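J.: Sharing target26.txt below, compact mmCIF, C-alpha atoms:
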```txt
# COMPACT_ATOMS: atom_id res chain seq x y z
CA MET A 6 -63.37 6.99 -8.46
CA ARG A 7 -65.09 3.89 -9.82
CA LEU A 8 -62.13 2.78 -11.96
CA SER A 9 -59.79 2.87 -8.98
CA ALA A 10 -62.31 0.85 -6.96
CA LEU A 11 -62.28 -1.77 -9.76
CA LEU A 12 -58.49 -1.86 -9.65
CA CYS A 13 -58.55 -2.49 -5.92
CA ALA A 14 -61.03 -5.35 -6.48
CA GLY A 15 -58.25 -7.34 -8.21
CA ARG A 16 -59.21 -8.59 -11.66
CA LEU A 17 -59.31 -5.56 -13.93
CA ARG A 18 -62.36 -5.34 -16.18
CA LEU A 19 -61.46 -3.42 -19.32
CA PRO A 20 -64.18 -2.09 -21.65
CA ALA A 21 -64.84 -3.95 -24.94
CA GLY A 22 -62.75 -2.42 -27.72
CA TYR A 23 -60.01 -1.25 -25.33
CA ARG A 24 -56.93 -0.27 -27.33
CA HIS A 25 -53.91 -1.78 -25.55
CA GLY A 26 -50.68 0.19 -25.65
CA THR A 27 -47.29 -0.40 -24.10
CA TRP A 28 -48.57 1.07 -20.82
CA ARG A 29 -50.14 -1.12 -18.14
CA PRO A 30 -53.93 -0.54 -17.98
CA GLY A 31 -54.67 1.33 -14.78
CA THR A 32 -51.60 3.56 -14.81
CA ALA A 33 -51.97 7.29 -15.29
CA ALA A 34 -50.48 7.16 -18.81
CA ALA A 35 -52.94 4.47 -19.92
CA GLN A 36 -55.87 6.36 -18.39
CA LEU A 37 -54.81 9.54 -20.19
CA ARG A 38 -54.79 7.79 -23.55
CA ASN A 39 -57.80 5.55 -22.92
CA PRO A 40 -60.34 7.65 -21.02
CA PRO A 41 -63.69 5.98 -20.32
CA GLY A 42 -66.02 6.39 -23.26
CA LEU A 43 -63.24 6.31 -25.84
CA ARG A 44 -64.06 4.32 -28.97
CA ARG A 45 -61.30 3.65 -31.46
CA ARG A 46 -61.06 1.73 -34.67
CA LYS A 47 -60.63 -1.97 -34.01
CA ILE A 48 -57.19 -3.49 -34.51
CA PHE A 49 -57.26 -7.06 -35.82
CA VAL A 50 -54.84 -9.38 -34.09
CA GLU A 51 -54.01 -12.98 -34.94
CA PRO A 52 -55.70 -14.97 -32.18
CA ILE A 53 -53.21 -17.06 -30.21
CA ALA A 54 -54.44 -19.39 -27.47
CA ARG A 55 -53.18 -18.82 -23.95
CA GLU A 56 -51.48 -22.24 -23.85
CA ASP A 57 -49.66 -21.68 -27.17
CA TRP A 58 -47.89 -18.50 -26.10
CA LYS A 59 -44.13 -19.06 -26.30
CA VAL A 60 -42.36 -15.76 -25.58
CA PHE A 61 -41.99 -14.46 -22.03
CA ARG A 62 -40.30 -11.51 -20.40
CA GLY A 63 -36.62 -12.26 -19.88
CA ASP A 64 -36.32 -14.54 -22.96
CA THR A 65 -33.58 -13.93 -25.49
CA VAL A 66 -35.04 -13.42 -28.97
CA GLN A 67 -33.70 -12.48 -32.39
CA VAL A 68 -35.31 -9.80 -34.52
CA LEU A 69 -35.93 -11.04 -38.08
CA THR A 70 -37.15 -7.96 -39.93
CA GLY A 71 -36.77 -4.23 -39.63
CA LYS A 72 -33.91 -1.88 -38.89
CA ASP A 73 -32.20 -4.18 -36.35
CA ALA A 74 -32.72 -7.42 -38.24
CA GLY A 75 -30.41 -10.20 -37.13
CA LYS A 76 -29.70 -8.82 -33.66
CA GLN A 77 -30.50 -10.63 -30.42
CA ALA A 78 -31.64 -9.11 -27.14
CA MET A 79 -33.81 -9.73 -24.07
CA VAL A 80 -37.54 -9.18 -24.00
CA THR A 81 -38.54 -6.44 -21.55
CA GLN A 82 -42.29 -6.33 -22.10
CA VAL A 83 -44.99 -8.54 -23.57
CA VAL A 84 -48.48 -7.29 -24.55
CA ARG A 85 -50.50 -10.40 -25.35
CA ALA A 86 -53.61 -8.50 -26.40
CA ARG A 87 -51.79 -7.17 -29.46
CA ASN A 88 -49.21 -9.98 -29.93
CA TRP A 89 -46.51 -7.45 -29.08
CA VAL A 90 -43.02 -7.97 -27.75
CA VAL A 91 -40.76 -5.10 -26.70
CA VAL A 92 -37.10 -6.01 -27.04
CA GLU A 93 -34.43 -4.12 -25.12
CA GLY A 94 -32.47 -1.65 -27.24
CA LEU A 95 -33.73 -2.85 -30.63
CA ASN A 96 -36.19 -1.34 -33.09
CA THR A 97 -35.65 2.07 -31.49
CA HIS A 98 -36.73 5.52 -32.48
CA TYR A 99 -35.65 8.67 -30.67
CA ARG A 100 -37.75 11.08 -28.67
CA TYR A 101 -37.45 13.82 -26.04
CA VAL A 102 -38.60 13.19 -22.46
CA ASN A 103 -39.13 15.48 -19.46
CA ARG A 104 -39.61 18.54 -21.59
CA THR A 105 -40.37 21.78 -19.71
CA THR A 106 -40.81 25.34 -20.93
CA LYS A 107 -37.17 26.09 -20.19
CA TYR A 108 -35.55 22.72 -20.88
CA ALA A 109 -35.77 21.07 -24.32
CA GLY A 110 -35.77 17.58 -22.81
CA THR A 111 -33.51 14.53 -22.77
CA TYR A 112 -33.04 12.82 -26.12
CA ILE A 113 -33.47 9.09 -25.48
CA ALA A 114 -33.95 5.98 -27.57
CA SER A 115 -37.30 4.31 -27.02
CA GLU A 116 -38.10 0.81 -28.29
CA ALA A 117 -41.08 0.18 -30.51
CA PRO A 118 -42.98 -3.08 -30.05
CA LEU A 119 -42.50 -5.93 -32.50
CA LEU A 120 -45.09 -8.45 -33.57
CA LEU A 121 -44.59 -12.13 -32.87
CA ASN A 122 -43.90 -12.99 -36.51
CA GLN A 123 -41.00 -10.49 -36.57
CA ILE A 124 -39.40 -12.28 -33.61
CA SER A 125 -37.90 -15.70 -33.18
CA LEU A 126 -36.82 -17.54 -30.05
CA VAL A 127 -33.17 -18.49 -29.94
CA ASP A 128 -31.66 -21.93 -29.32
CA PRO A 129 -29.67 -21.65 -26.07
CA GLU A 130 -26.47 -23.41 -27.25
CA ASP A 131 -26.56 -22.65 -30.98
CA ARG A 132 -27.60 -19.05 -30.52
CA LYS A 133 -29.47 -19.20 -33.81
CA PRO A 134 -33.20 -18.56 -34.33
CA THR A 135 -35.39 -21.68 -34.27
CA GLU A 136 -39.01 -22.72 -34.40
CA VAL A 137 -40.25 -23.71 -30.96
CA GLU A 138 -42.99 -26.08 -29.83
CA TRP A 139 -44.51 -26.92 -26.45
CA ARG A 140 -43.90 -30.52 -25.50
CA TYR A 141 -43.96 -32.68 -22.40
CA THR A 142 -40.87 -34.27 -20.83
CA GLU A 143 -40.63 -37.77 -19.37
CA GLU A 144 -41.53 -36.36 -15.94
CA GLY A 145 -44.62 -34.67 -17.38
CA GLU A 146 -43.29 -31.13 -17.27
CA ARG A 147 -44.36 -28.81 -20.10
CA VAL A 148 -41.32 -27.31 -21.81
CA ARG A 149 -40.44 -25.41 -24.96
CA VAL A 150 -38.46 -27.54 -27.40
CA SER A 151 -36.49 -26.20 -30.33
CA LEU A 152 -37.62 -28.08 -33.44
CA ARG A 153 -34.29 -27.96 -35.28
CA SER A 154 -32.08 -29.46 -32.58
CA GLY A 155 -34.51 -30.83 -29.99
CA ARG A 156 -32.95 -28.85 -27.13
CA ILE A 157 -35.11 -27.57 -24.31
CA ILE A 158 -35.35 -23.78 -23.98
CA PRO A 159 -35.68 -23.09 -20.25
CA LEU A 160 -38.30 -20.64 -19.07
CA PRO A 161 -36.85 -17.30 -17.95
CA LEU A 162 -36.82 -16.59 -14.24
CA ARG A 163 -40.15 -15.10 -13.21
CA GLN A 164 -39.64 -12.10 -10.95
CA ARG A 165 -42.24 -10.46 -8.78
CA TRP A 166 -43.66 -7.18 -10.01
CA ASP A 167 -42.50 -5.41 -6.82
CA GLY A 168 -38.92 -6.69 -7.14
CA ILE A 169 -38.94 -8.72 -3.90
CA VAL A 170 -36.93 -11.95 -3.96
CA PRO A 171 -38.49 -14.19 -1.29
CA GLU A 172 -35.24 -16.09 -0.60
CA GLN A 173 -33.41 -12.85 0.18
CA TRP A 174 -36.16 -11.29 2.26
CA ILE A 175 -35.11 -9.97 5.69
CA ASP A 176 -37.93 -10.04 8.26
CA GLY A 177 -38.98 -6.69 9.70
CA PRO A 178 -40.25 -6.08 13.25
CA LYS A 179 -43.88 -6.65 12.18
CA ASP A 180 -43.20 -9.85 10.20
CA THR A 181 -44.05 -13.26 11.66
CA THR A 182 -41.06 -15.60 11.30
CA VAL A 183 -41.36 -18.68 9.07
CA GLU A 184 -41.34 -21.14 12.03
CA ASP A 185 -44.04 -19.23 13.90
CA ALA A 186 -46.21 -19.00 10.77
CA LEU A 187 -45.95 -22.74 10.04
CA ASP A 188 -46.46 -23.76 13.69
CA LYS A 189 -49.67 -25.80 14.01
CA THR A 190 -51.30 -24.62 17.23
CA TYR A 191 -54.96 -25.02 16.27
CA LEU A 192 -57.03 -27.11 18.68
CA PRO A 193 -60.44 -27.87 17.18
CA SER A 194 -63.27 -27.11 19.54
CA LEU A 195 -67.02 -26.59 19.31
CA LYS A 196 -66.89 -23.12 20.87
CA THR A 197 -66.82 -20.02 18.65
CA PHE A 198 -63.82 -17.69 18.77
CA GLU A 199 -65.74 -15.17 20.90
CA GLU A 200 -66.82 -17.84 23.40
CA GLU A 201 -63.23 -19.05 23.79
CA ILE A 202 -62.00 -15.52 24.51
CA MET A 203 -64.77 -15.02 27.07
CA ASP A 204 -63.68 -18.22 28.84
CA ALA A 205 -60.02 -17.21 28.70
CA MET A 206 -60.66 -13.75 30.15
CA GLY A 207 -63.29 -14.87 32.64
CA ILE A 208 -66.05 -12.64 31.23
CA VAL A 209 -69.51 -13.74 32.32
CA GLU A 210 -72.46 -12.35 30.31
CA THR A 211 -75.88 -13.40 31.56
CA ARG A 212 -77.88 -10.66 29.75
CA ARG A 213 -79.36 -11.63 26.43
CA ALA A 214 -80.33 -9.35 23.53
CA LYS A 215 -84.02 -8.63 23.15
CA LYS A 216 -85.60 -10.51 20.30
CA SER A 217 -85.99 -8.37 17.18
CA TYR A 218 -87.31 -9.08 13.70
CA TRP A 219 -86.40 -7.83 10.28
CA TYR A 220 -87.83 -8.61 6.90
CA MET B 7 -57.40 15.23 -32.62
CA GLY B 8 -61.08 14.63 -33.28
CA LEU B 9 -62.14 12.00 -30.71
CA LEU B 10 -60.33 13.35 -27.66
CA THR B 11 -61.54 16.92 -28.15
CA GLU B 12 -65.07 15.57 -28.62
CA LEU B 13 -64.80 13.78 -25.29
CA ALA B 14 -63.41 16.87 -23.63
CA ARG B 15 -66.28 18.86 -25.07
CA GLY B 16 -68.77 16.30 -23.75
CA LEU B 17 -67.53 16.67 -20.17
CA VAL B 18 -67.43 20.45 -20.36
CA ARG B 19 -71.20 20.60 -21.07
CA GLY B 20 -72.20 19.94 -17.45
CA ALA B 21 -71.34 18.61 -14.01
CA ASP B 22 -70.87 14.91 -13.31
CA ARG B 23 -74.42 13.91 -12.38
CA MET B 24 -73.52 10.38 -11.44
CA SER B 25 -71.08 11.08 -8.61
CA PRO B 26 -72.60 10.93 -5.10
CA PHE B 27 -73.61 14.26 -3.56
CA THR B 28 -71.81 13.99 -0.22
CA SER B 29 -71.44 16.50 2.58
CA LYS B 30 -68.10 17.53 1.02
CA ARG B 31 -70.03 19.23 -1.80
CA GLY B 32 -72.79 21.81 -1.47
CA PRO B 33 -72.96 24.88 0.82
CA ARG B 34 -71.97 25.03 4.51
CA SER B 35 -75.58 24.52 5.57
CA TYR B 36 -75.69 21.19 3.72
CA ASN B 37 -75.00 18.85 6.61
CA LYS B 38 -75.28 15.15 5.87
CA GLY B 39 -73.74 12.21 7.68
CA ARG B 40 -71.50 9.58 6.08
CA GLY B 41 -73.34 6.53 7.48
CA ALA B 42 -72.19 6.32 11.12
CA LYS B 43 -74.58 4.43 13.39
CA LYS B 44 -76.02 6.20 16.45
CA PRO B 45 -75.01 4.56 19.77
CA GLY B 46 -78.13 5.72 21.56
CA VAL B 47 -81.58 7.18 21.25
CA LEU B 48 -82.85 10.68 20.40
CA THR B 49 -85.71 11.72 22.73
CA SER B 50 -88.66 14.03 22.01
CA ASN B 51 -86.74 16.81 23.84
CA LYS B 52 -84.09 16.52 21.13
CA LYS B 53 -81.74 15.23 23.83
CA PHE B 54 -79.51 12.33 22.84
CA ILE B 55 -79.27 9.54 25.44
CA LEU B 56 -76.14 7.45 25.08
CA ILE B 57 -76.66 3.71 25.71
CA LYS B 58 -73.41 2.22 26.96
CA GLU B 59 -74.19 -1.21 25.53
CA MET B 60 -74.44 0.21 22.02
CA VAL B 61 -70.98 1.79 22.20
CA PRO B 62 -68.55 -0.78 20.72
CA GLN B 63 -65.80 -1.98 23.04
CA PHE B 64 -62.70 -3.90 22.04
CA VAL B 65 -62.17 -7.01 24.15
CA VAL B 66 -58.48 -7.81 23.73
CA PRO B 67 -56.90 -10.71 25.61
CA ASP B 68 -53.40 -10.40 27.08
CA LEU B 69 -50.92 -10.79 24.18
CA GLU B 70 -47.87 -11.51 26.36
CA GLY B 71 -45.73 -14.13 24.63
CA PHE B 72 -47.88 -14.13 21.50
CA LYS B 73 -45.66 -15.00 18.56
CA LEU B 74 -47.86 -14.12 15.56
CA LYS B 75 -47.42 -10.64 14.11
CA PRO B 76 -49.51 -8.55 11.65
CA TYR B 77 -47.54 -9.59 8.54
CA VAL B 78 -46.06 -12.87 7.38
CA SER B 79 -42.53 -13.21 6.02
CA TYR B 80 -42.22 -13.60 2.22
CA ARG B 81 -40.02 -16.67 2.80
CA ALA B 82 -42.88 -18.69 4.31
CA PRO B 83 -44.22 -21.33 1.91
CA GLU B 84 -47.90 -21.97 1.24
CA GLY B 85 -49.80 -23.79 3.98
CA SER B 86 -50.40 -27.52 3.55
CA GLU B 87 -53.52 -28.01 5.68
CA PRO B 88 -56.91 -27.82 3.93
CA PRO B 89 -59.45 -25.42 5.43
CA MET B 90 -61.55 -26.79 8.26
CA THR B 91 -65.00 -28.08 7.31
CA ALA B 92 -67.94 -28.96 9.55
CA LYS B 93 -67.46 -32.65 8.78
CA GLN B 94 -63.79 -32.52 9.78
CA LEU B 95 -64.61 -30.68 13.00
CA PHE B 96 -67.19 -33.34 13.84
CA THR B 97 -64.80 -36.22 13.15
CA GLU B 98 -62.07 -34.63 15.26
CA VAL B 99 -64.07 -33.43 18.26
CA VAL B 100 -67.40 -35.23 18.60
CA ALA B 101 -66.90 -38.62 16.91
CA PRO B 102 -64.28 -39.92 19.44
CA ARG B 103 -66.58 -39.10 22.37
CA ILE B 104 -69.52 -40.86 20.74
CA GLU B 105 -67.34 -43.87 19.89
CA LYS B 106 -66.11 -44.13 23.48
CA ASP B 107 -69.66 -44.02 24.83
CA VAL B 108 -70.94 -46.56 22.33
CA LYS B 109 -68.15 -48.98 23.32
CA ALA B 110 -68.87 -48.41 27.03
CA GLY B 111 -72.54 -48.94 26.28
CA ALA B 112 -73.53 -45.50 27.67
CA PHE B 113 -74.70 -43.95 24.38
CA ASP B 114 -78.18 -42.45 24.69
CA PRO B 115 -79.67 -41.10 21.41
CA ASN B 116 -82.06 -38.86 23.40
CA ASN B 117 -79.24 -37.08 25.27
CA LEU B 118 -77.04 -35.71 22.49
CA GLU B 119 -76.48 -32.36 24.30
CA LYS B 120 -73.44 -33.77 26.12
CA TYR B 121 -71.63 -34.11 22.75
CA GLY B 122 -72.38 -30.48 21.85
CA PHE B 123 -75.69 -30.83 20.01
CA GLU B 124 -77.83 -27.68 20.29
CA PRO B 125 -81.49 -28.32 19.43
CA THR B 126 -82.22 -24.56 19.31
CA GLN B 127 -80.20 -21.34 19.14
CA GLU B 128 -82.55 -19.52 21.58
CA GLY B 129 -80.94 -18.39 24.83
CA LYS B 130 -77.40 -18.40 23.41
CA LEU B 131 -75.30 -15.24 23.44
CA PHE B 132 -73.57 -16.00 20.13
CA GLN B 133 -76.17 -17.62 17.89
CA LEU B 134 -74.92 -19.46 14.83
CA PHE B 135 -78.04 -18.88 12.73
CA PRO B 136 -79.09 -16.15 12.32
CA LYS B 137 -75.51 -15.08 13.00
CA ASN B 138 -75.51 -12.28 15.56
CA TYR B 139 -71.77 -11.73 15.91
CA VAL B 140 -69.39 -10.06 13.52
CA ARG B 141 -66.67 -12.66 13.01
```
Please express what this file holds, its structure, as structure tokens.

T.:
Amino acid sequence: MRLSALLCAGRLRLPAGYRHGTWRPGTAAAQLRNPPGLRRRKIFVEPIAREDWKVFRGDTVQVLTGKDAGKQAMVTQVVRARNWVVVEGLNTHYRYVNRTTKYAGTYIASEAPLLLNQISLVDPEDRKPTEVEWRYTEEGERVRVSLRSGRIIPLPLRQRWDGIVPEQWIDGPKDTTVEDALDKTYLPSLKTFEEEIMDAMGIVETRRAKKSYWY
Amino acid sequence: MGLLTELARGLVRGADRMSPFTSKRGPRSYNKGRGAKKPGVLTSNKKFILIKEMVPQFVVPDLEGFKLKPYVSYRAPEGSEPPMTAKQLFTEVVAPRIEKDVKAGAFDPNNLEKYGFEPTQEGKLFQLFPKNYVR
């Protein structure tokens, strides 16, 4: 009960020594594998500062080592705590899912995560792997620049976790329209909200609460 | 294998002592409230007298022609106005009145009540400090 209350509070507080997997902390799968009180051997990860992180979900990267070396694909998941990147369709192993007592299960390919040094960002026009650096443009915008050719690698489009595209949103019956929400109708006054409603509805209250004390 | 079975064994050894013992647990005779306030007074006769003033009532003004709805469209951009501060409220509401009176020569520093100054919160229905209203 307490963990779900923490999740509702917003910022998730994970215990020290939490072993991050490919599952989002808070989901049932993550809770099954990381129950409270679990202590596992520490995994050492090369520390990378938050500002120096270069790979995002939706980027095209090339795999440098492993079974699918030399192939390019899109990043589907990033786990910064372990410097992991999961690339779509590459570095796969096969497993059975949805197994029941009667059914053997579906044989699917599941991707294994790759470390950052097994990955390289790809120059958008060249389509070859390059080293990338964060630099500032003339306007002051922070962009990723390919060191070999100097071209800017644009950031991938950031989608909302619930899949809603604000530009394509259709208002429902309980949604305030954009014009009504941005309408400035506030008139500053010295009365409190309750006093204004009493004046508007013509409620007169002459009784006062008896004085009480608390410590 | 080792760690998870150890954990499972640890939980099997007893009940969860830390979870609250609510009226949902225990026998039928275990009757405990969940924190509702009593809108009245219990007399020595064990009779409960309801006090109408303690029963909460919703005062809802007429919402005819009210354009705001419970939710806001996702297309609406972030607001541009900063939140209202006491200083801003003063400069918008009280300062013009004081300026007008000073220019007319009718400003009296002993009679600040006409600009909204409240020397004491006694006698007010909605006192600002200590705050005696919910919102």

J.: Could you build a table of the residues in chain B lying no more than 9 Å from chain A, giving for each the nearest pair of atoms and their separation in Å rounded to one decimal place, using all atoms listed in the file, ordered by chain and ascending residue number, as a tab-separated table?

T.:
```
residue	atom	partner	partner_atom	distance
B:Leu9	CA	A:Leu43	CA	7.6
B:Leu10	CA	A:Leu43	CA	7.8
B:Leu13	CA	A:Leu43	CA	7.7
B:Ser25	CA	A:Met6	CA	8.7
B:Val65	CA	A:Ile202	CA	8.5
B:Val66	CA	A:Ile202	CA	8.5
B:Pro67	CA	A:Met206	CA	6.6
B:Asp68	CA	A:Met206	CA	8.6
B:Lys73	CA	A:Asp185	CA	6.5
B:Leu74	CA	A:Thr181	CA	5.5
B:Lys75	CA	A:Thr181	CA	4.9
B:Pro76	CA	A:Lys179	CA	6.0
B:Tyr77	CA	A:Asp180	CA	4.7
B:Val78	CA	A:Thr181	CA	4.7
B:Ser79	CA	A:Asp180	CA	5.4
B:Tyr80	CA	A:Pro171	CA	5.2
B:Arg81	CA	A:Pro171	CA	5.0
B:Ala82	CA	A:Val183	CA	5.0
B:Pro83	CA	A:Val183	CA	8.2
B:Gly85	CA	A:Leu187	CA	7.3
B:Leu95	CA	A:Pro193	CA	6.5
B:Phe96	CA	A:Leu195	CA	8.7
B:Glu98	CA	A:Pro193	CA	7.2
B:Val99	CA	A:Ser194	CA	6.5
B:Val100	CA	A:Leu195	CA	8.7
B:Gly122	CA	A:Leu195	CA	7.1
B:Gly129	CA	A:Arg213	CA	7.1
B:Lys130	CA	A:Arg213	CA	7.7
B:Leu131	CA	A:Arg213	CA	6.2
B:Phe132	CA	A:Glu200	CA	7.7
B:Leu134	CA	A:Thr197	CA	9.0
B:Tyr139	CA	A:Glu199	CA	8.5
B:Arg141	CA	A:Phe198	CA	8.2
```

J.: Quick one: pull the distance between CA of Ala34 in chain A and CA of Arg163 in chain A, Å, one decimal.

T.: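 Here the two named atoms are 25.2 Å from each other.
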
J.: Within 10 Å of (-48.4, -1.0, -24.8), in the coordinates the file gives, what residues turn up when you count only C-alpha atoms, written out as a PyMOL selection string?

T.: chain A and resi 24-30+35+82-87+89-91+117-118

J.: Could you tell me how far CA of Arg23 in chain B sits from CA of Asn37 in chain B, in Å to one decimal place?

T.: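 Between these atoms lies a distance of 19.6 Å.
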
J.: Please measure the separation of CA of Glu138 in chain A and CA of Glu93 in chain A, giving the value in Å to one decimal.

T.: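 A separation of 24.0 Å between them.
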
J.: Please provide the set of residues having any atom within 12 Å of Arg40 in chain B, restricted to only C-alpha atoms, with same-chain residues fewer than 6 positions apart removed, written as an mmCIF file with C-alpha atoms, in the frame of the given file.

T.:
```
data_model
loop_
_atom_site.group_PDB
_atom_site.id
_atom_site.type_symbol
_atom_site.label_atom_id
_atom_site.label_comp_id
_atom_site.auth_asym_id
_atom_site.auth_seq_id
_atom_site.Cartn_x
_atom_site.Cartn_y
_atom_site.Cartn_z
ATOM 1 C CA PRO B 26 -72.600 10.930 -5.100
ATOM 2 C CA PHE B 27 -73.610 14.260 -3.560
ATOM 3 C CA THR B 28 -71.810 13.990 -0.220
ATOM 4 C CA SER B 29 -71.440 16.500 2.580
ATOM 5 C CA LYS B 30 -68.100 17.530 1.020
#
```

J.: Would you pick out the contacts of Gly71 in chain A at 10 Å or less, using only C-alpha atoms, so that residues sharing its chain but fewer than 6 positions from it are not included, and give the list as a ChimeraX atom specification?

T.: /A:95-96,119,123

J.: So that I can see what lies close to Thr135 in chain A, please list as a ChimeraX atom specification the residues with an atom at most 8 Å from it, counting only C-alpha atoms and leaving out residues fewer than 4 positions away in the same chain.

T.: /A:125-128,151-153
